[in-house]
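Colleague: Quick one: the structure is below, and I'll ask about it shortly.
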Amino acid sequence: MDLPRFLALVKARRRLIAVIVGAAAILALVASLAQPSRYQANADLLYGRTSTADSIIAGGTTDTAATPESLAATNVALASLDSVAVNVKRRFPGPVTFEQLRNAVSIKAQGVSNVVTVTAQWDTPAQAAAIANAFATEIVALRRGTAQADIQSAIDALKATVASGAGGPAAAAGLQ
């Protein structure tokens with residue numbers, strides 16, 4: 001088909017083409033308006049250095065010899081625990097379910113850094129932000145509880161060492 005015949009065909013069918021284009025535009029508009037709005041909010045967490053009870057007893061404050069990749073994976077795994085989502089559910093009474101909250105949130109490490117991003121998607125911007133912040137708060141509380149338990153374990157071990165007199169009088173005096 002050459003150009004003059006094509007143009008003649010388009011001219012003859014211009015109303016049909018206009019109706020099809022208009023109907024497609026209206027269908028696209030209706031489909032986009034029918035979809036629920038989803039808003040996204042992020043909360044970034046910086047994981048600090050952790051100490052084990054053994055390193056506290058020995059007087060150190062450094063991390064164990066873990067690779068950055070394993071630390072990042074550990075931080076994401078801790079942040080993804082169901083117990084975190086259960087605690088967040090307690091903050092949001094009402095029709096929202098545990099599964100809805102857990103599915104609304106994704107947790108990703110930023111490369112091999114100590115930063116984890118909590119991303120929440122919800123129907124309103126305020127709720128998305130509240131959910132992201134609630135997950136971040138609960139993750140911090142989980143890490144704080146773990147650190148406090150480690151420190152209490154170190155305190156108990158130090159008390160036992162002092163009580164038994166291990167290491168002689170000089171060690172006991174230094175620990176007190």
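Every chain in the structure tokens takes a letter, A first, then B, and so on in the order presented; its residues are numbered from 1, and the ligands are numbered from 1 following the presented order.
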Could you pull out the helix (DSSP H, G or I) residues of chain A, going by DSSP on the backbone, and write them as a PyMOL selection string?
Modeller: chain A and resi 3-12+14-34+53-58+68-79+82-91+98-104+125-164+168-175
Colleague: Using only C-alpha atoms, which residues sit within 12 Å of Ala85 in chain A once same-chain residues fewer than 4 positions away are excluded, as a list in words?
Modeller: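 Contacts, in chain order: Leu78, Ala79, Ser80, Leu81, Lys89, Arg90, Arg91, Phe92, Val96, Thr97, Phe98, Glu99, Gln100, Leu101, Arg102, Asn103, Ala104, Val105, Ser106, Ile107, Ile131, Ala132, Ala134, Phe135, Ala136, Thr137, Glu138, Ile139 and Leu142 of chain A.
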Colleague: May I have the residues from that selection written out with N, CA and C atoms, as a PDB file, in the first residue's frame?
Modeller:
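Output below, filename selection.pdb:
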```
ATOM      1  N   LEU A  78      17.364 -10.394  61.878  1.00  0.00           N
ATOM      2  CA  LEU A  78      16.813  -9.969  63.164  1.00  0.00           C
ATOM      3  C   LEU A  78      15.636  -9.023  62.964  1.00  0.00           C
ATOM      4  N   ALA A  79      15.776  -8.103  62.024  1.00  0.00           N
ATOM      5  CA  ALA A  79      14.711  -7.134  61.769  1.00  0.00           C
ATOM      6  C   ALA A  79      13.472  -7.792  61.172  1.00  0.00           C
ATOM      7  N   SER A  80      13.643  -8.952  60.542  1.00  0.00           N
ATOM      8  CA  SER A  80      12.532  -9.629  59.872  1.00  0.00           C
ATOM      9  C   SER A  80      11.826 -10.653  60.754  1.00  0.00           C
ATOM     10  N   LEU A  81      12.222 -10.769  62.000  1.00  0.00           N
ATOM     11  CA  LEU A  81      11.606 -11.758  62.883  1.00  0.00           C
ATOM     12  C   LEU A  81      10.115 -11.484  63.056  1.00  0.00           C
ATOM     13  N   LYS A  89       1.970  -5.152  65.713  1.00  0.00           N
ATOM     14  CA  LYS A  89       0.516  -5.376  65.677  1.00  0.00           C
ATOM     15  C   LYS A  89      -0.142  -4.869  66.957  1.00  0.00           C
ATOM     16  N   ARG A  90       0.550  -5.002  68.081  1.00  0.00           N
ATOM     17  CA  ARG A  90       0.004  -4.510  69.355  1.00  0.00           C
ATOM     18  C   ARG A  90      -0.182  -2.988  69.328  1.00  0.00           C
ATOM     19  N   ARG A  91       0.618  -2.308  68.536  1.00  0.00           N
ATOM     20  CA  ARG A  91       0.517  -0.846  68.428  1.00  0.00           C
ATOM     21  C   ARG A  91      -0.632  -0.405  67.523  1.00  0.00           C
ATOM     22  N   PHE A  92      -1.113  -1.298  66.670  1.00  0.00           N
ATOM     23  CA  PHE A  92      -2.159  -0.963  65.712  1.00  0.00           C
ATOM     24  C   PHE A  92      -3.393  -1.823  65.957  1.00  0.00           C
ATOM     25  N   VAL A  96      -6.591  -4.360  61.121  1.00  0.00           N
ATOM     26  CA  VAL A  96      -5.359  -4.757  60.448  1.00  0.00           C
ATOM     27  C   VAL A  96      -4.814  -6.035  61.095  1.00  0.00           C
ATOM     28  N   THR A  97      -4.399  -6.988  60.258  1.00  0.00           N
ATOM     29  CA  THR A  97      -3.918  -8.273  60.764  1.00  0.00           C
ATOM     30  C   THR A  97      -2.396  -8.299  60.804  1.00  0.00           C
ATOM     31  N   PHE A  98      -1.888  -9.269  61.535  1.00  0.00           N
ATOM     32  CA  PHE A  98      -0.449  -9.493  61.629  1.00  0.00           C
ATOM     33  C   PHE A  98       0.144  -9.722  60.239  1.00  0.00           C
ATOM     34  N   GLU A  99      -0.527 -10.532  59.428  1.00  0.00           N
ATOM     35  CA  GLU A  99      -0.030 -10.840  58.084  1.00  0.00           C
ATOM     36  C   GLU A  99      -0.016  -9.599  57.197  1.00  0.00           C
ATOM     37  N   GLN A 100      -1.033  -8.753  57.319  1.00  0.00           N
ATOM     38  CA  GLN A 100      -1.066  -7.527  56.525  1.00  0.00           C
ATOM     39  C   GLN A 100       0.113  -6.624  56.878  1.00  0.00           C
ATOM     40  N   LEU A 101       0.394  -6.510  58.164  1.00  0.00           N
ATOM     41  CA  LEU A 101       1.525  -5.683  58.594  1.00  0.00           C
ATOM     42  C   LEU A 101       2.840  -6.264  58.095  1.00  0.00           C
ATOM     43  N   ARG A 102       3.008  -7.562  58.268  1.00  0.00           N
ATOM     44  CA  ARG A 102       4.254  -8.208  57.843  1.00  0.00           C
ATOM     45  C   ARG A 102       4.438  -8.092  56.332  1.00  0.00           C
ATOM     46  N   ASN A 103       3.356  -8.233  55.573  1.00  0.00           N
ATOM     47  CA  ASN A 103       3.450  -8.142  54.115  1.00  0.00           C
ATOM     48  C   ASN A 103       3.618  -6.704  53.624  1.00  0.00           C
ATOM     49  N   ALA A 104       3.256  -5.734  54.442  1.00  0.00           N
ATOM     50  CA  ALA A 104       3.368  -4.332  54.045  1.00  0.00           C
ATOM     51  C   ALA A 104       4.790  -3.806  54.191  1.00  0.00           C
ATOM     52  N   VAL A 105       5.656  -4.577  54.846  1.00  0.00           N
ATOM     53  CA  VAL A 105       7.001  -4.094  55.154  1.00  0.00           C
ATOM     54  C   VAL A 105       8.051  -4.953  54.478  1.00  0.00           C
ATOM     55  N   SER A 106       9.063  -4.263  53.930  1.00  0.00           N
ATOM     56  CA  SER A 106      10.243  -4.963  53.429  1.00  0.00           C
ATOM     57  C   SER A 106      11.455  -4.373  54.128  1.00  0.00           C
ATOM     58  N   ILE A 107      12.428  -5.226  54.390  1.00  0.00           N
ATOM     59  CA  ILE A 107      13.621  -4.818  55.117  1.00  0.00           C
ATOM     60  C   ILE A 107      14.827  -5.227  54.291  1.00  0.00           C
ATOM     61  N   ILE A 131       3.752   2.868  60.276  1.00  0.00           N
ATOM     62  CA  ILE A 131       4.147   1.455  60.252  1.00  0.00           C
ATOM     63  C   ILE A 131       5.654   1.323  60.122  1.00  0.00           C
ATOM     64  N   ALA A 132       6.269   2.086  59.236  1.00  0.00           N
ATOM     65  CA  ALA A 132       7.729   2.033  59.081  1.00  0.00           C
ATOM     66  C   ALA A 132       8.418   2.421  60.388  1.00  0.00           C
ATOM     67  N   ALA A 134       7.123   2.279  63.426  1.00  0.00           N
ATOM     68  CA  ALA A 134       6.831   1.277  64.460  1.00  0.00           C
ATOM     69  C   ALA A 134       7.754   0.074  64.308  1.00  0.00           C
ATOM     70  N   PHE A 135       7.962  -0.373  63.068  1.00  0.00           N
ATOM     71  CA  PHE A 135       8.887  -1.487  62.856  1.00  0.00           C
ATOM     72  C   PHE A 135      10.296  -1.083  63.281  1.00  0.00           C
ATOM     73  N   ALA A 136      10.721   0.119  62.928  1.00  0.00           N
ATOM     74  CA  ALA A 136      12.057   0.583  63.306  1.00  0.00           C
ATOM     75  C   ALA A 136      12.194   0.627  64.828  1.00  0.00           C
ATOM     76  N   THR A 137      11.177   1.134  65.505  1.00  0.00           N
ATOM     77  CA  THR A 137      11.204   1.214  66.964  1.00  0.00           C
ATOM     78  C   THR A 137      11.283  -0.169  67.591  1.00  0.00           C
ATOM     79  N   GLU A 138      10.523  -1.105  67.065  1.00  0.00           N
ATOM     80  CA  GLU A 138      10.532  -2.466  67.608  1.00  0.00           C
ATOM     81  C   GLU A 138      11.859  -3.173  67.332  1.00  0.00           C
ATOM     82  N   ILE A 139      12.465  -2.898  66.193  1.00  0.00           N
ATOM     83  CA  ILE A 139      13.775  -3.484  65.887  1.00  0.00           C
ATOM     84  C   ILE A 139      14.813  -2.945  66.868  1.00  0.00           C
ATOM     85  N   LEU A 142      14.289  -4.626  70.181  1.00  0.00           N
ATOM     86  CA  LEU A 142      14.808  -5.995  70.149  1.00  0.00           C
ATOM     87  C   LEU A 142      16.319  -5.993  70.342  1.00  0.00           C
TER      88      LEU A 142
END
```
Colleague: Apply DSSP to the backbone of this structure and, from chain A, keep only the residues in strand (DSSP E or B); write these as a ChimeraX atom specification.
Modeller: /A:39-46,105-109,115-122
Colleague: Take the residues from that selection and put them in a file with N, CA, C and O atoms, as a compact mmCIF listing (two decimals), in the first residue's frame.
Modeller:
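out_30.txt was written with the following content:
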```
# COMPACT_ATOMS: atom_id res chain seq x y z
N TYR A 39 0.99 4.22 49.35
CA TYR A 39 2.03 5.16 49.72
C TYR A 39 3.17 4.40 50.38
O TYR A 39 2.95 3.38 51.02
N GLN A 40 4.36 4.92 50.22
CA GLN A 40 5.55 4.24 50.73
C GLN A 40 6.31 5.16 51.67
O GLN A 40 6.47 6.35 51.39
N ALA A 41 6.78 4.60 52.77
CA ALA A 41 7.59 5.36 53.73
C ALA A 41 8.79 4.50 54.12
O ALA A 41 8.70 3.27 54.19
N ASN A 42 9.93 5.16 54.38
CA ASN A 42 11.16 4.46 54.74
C ASN A 42 11.64 4.92 56.11
O ASN A 42 11.46 6.08 56.48
N ALA A 43 12.28 4.01 56.80
CA ALA A 43 12.98 4.33 58.04
C ALA A 43 14.33 3.62 57.97
O ALA A 43 14.39 2.42 57.68
N ASP A 44 15.41 4.37 58.16
CA ASP A 44 16.75 3.80 58.13
C ASP A 44 17.24 3.57 59.54
O ASP A 44 17.07 4.41 60.42
N LEU A 45 17.88 2.41 59.74
CA LEU A 45 18.44 2.05 61.04
C LEU A 45 19.94 1.85 60.89
O LEU A 45 20.38 1.17 59.97
N LEU A 46 20.70 2.43 61.78
CA LEU A 46 22.14 2.23 61.82
C LEU A 46 22.43 1.30 62.98
O LEU A 46 22.16 1.63 64.14
N VAL A 105 5.66 -4.58 54.85
CA VAL A 105 7.00 -4.09 55.15
C VAL A 105 8.05 -4.95 54.48
O VAL A 105 7.94 -6.17 54.44
N SER A 106 9.06 -4.26 53.93
CA SER A 106 10.24 -4.96 53.43
C SER A 106 11.45 -4.37 54.13
O SER A 106 11.49 -3.18 54.43
N ILE A 107 12.43 -5.23 54.39
CA ILE A 107 13.62 -4.82 55.12
C ILE A 107 14.83 -5.23 54.29
O ILE A 107 14.96 -6.39 53.93
N LYS A 108 15.67 -4.24 53.99
CA LYS A 108 16.84 -4.51 53.15
C LYS A 108 18.06 -3.82 53.73
O LYS A 108 17.98 -2.68 54.19
N ALA A 109 19.19 -4.53 53.65
CA ALA A 109 20.46 -3.92 54.05
C ALA A 109 20.95 -3.06 52.89
O ALA A 109 20.73 -3.38 51.72
N VAL A 115 23.66 -0.22 57.82
CA VAL A 115 22.40 0.49 57.68
C VAL A 115 21.37 -0.44 57.06
O VAL A 115 21.63 -1.10 56.05
N VAL A 116 20.20 -0.49 57.68
CA VAL A 116 19.08 -1.29 57.19
C VAL A 116 17.92 -0.34 56.93
O VAL A 116 17.65 0.55 57.74
N THR A 117 17.27 -0.51 55.79
CA THR A 117 16.12 0.33 55.44
C THR A 117 14.84 -0.48 55.61
O THR A 117 14.69 -1.56 55.05
N VAL A 118 13.93 0.07 56.40
CA VAL A 118 12.60 -0.51 56.60
C VAL A 118 11.65 0.28 55.71
O VAL A 118 11.52 1.49 55.87
N THR A 119 11.00 -0.39 54.76
CA THR A 119 10.08 0.26 53.84
C THR A 119 8.67 -0.29 54.07
O THR A 119 8.47 -1.51 54.04
N ALA A 120 7.73 0.61 54.30
CA ALA A 120 6.33 0.21 54.52
C ALA A 120 5.46 0.81 53.42
O ALA A 120 5.65 1.97 53.04
N GLN A 121 4.51 0.03 52.94
CA GLN A 121 3.53 0.50 51.95
C GLN A 121 2.14 0.37 52.56
O GLN A 121 1.79 -0.68 53.10
N TRP A 122 1.36 1.46 52.46
CA TRP A 122 0.01 1.44 53.02
C TRP A 122 -0.87 2.40 52.24
O TRP A 122 -0.41 3.09 51.34
```
Colleague: So the first atom is CA of Val112 in chain A and the second is CA of Leu71 in chain A; what is the distance between them in Å, to one decimal place?
Modeller: 7.9 Å
Colleague: Mind giving me the straight-line distance from CA of Gly145 in chain A to CA of Val88 in chain A in Å, one decimal?
Modeller: 15.9 Å
Colleague: For a quick check of understanding, using only C-alpha atoms, which of A:Ala8, A:Arg38, A:Leu33, A:Arg14 has the smallest distance to Ala126 in chain A?
Modeller: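 Going through A:Ala8, A:Arg38, A:Leu33, A:Arg14 one by one, the smallest distance to Ala126 in chain A is for A:Arg38.
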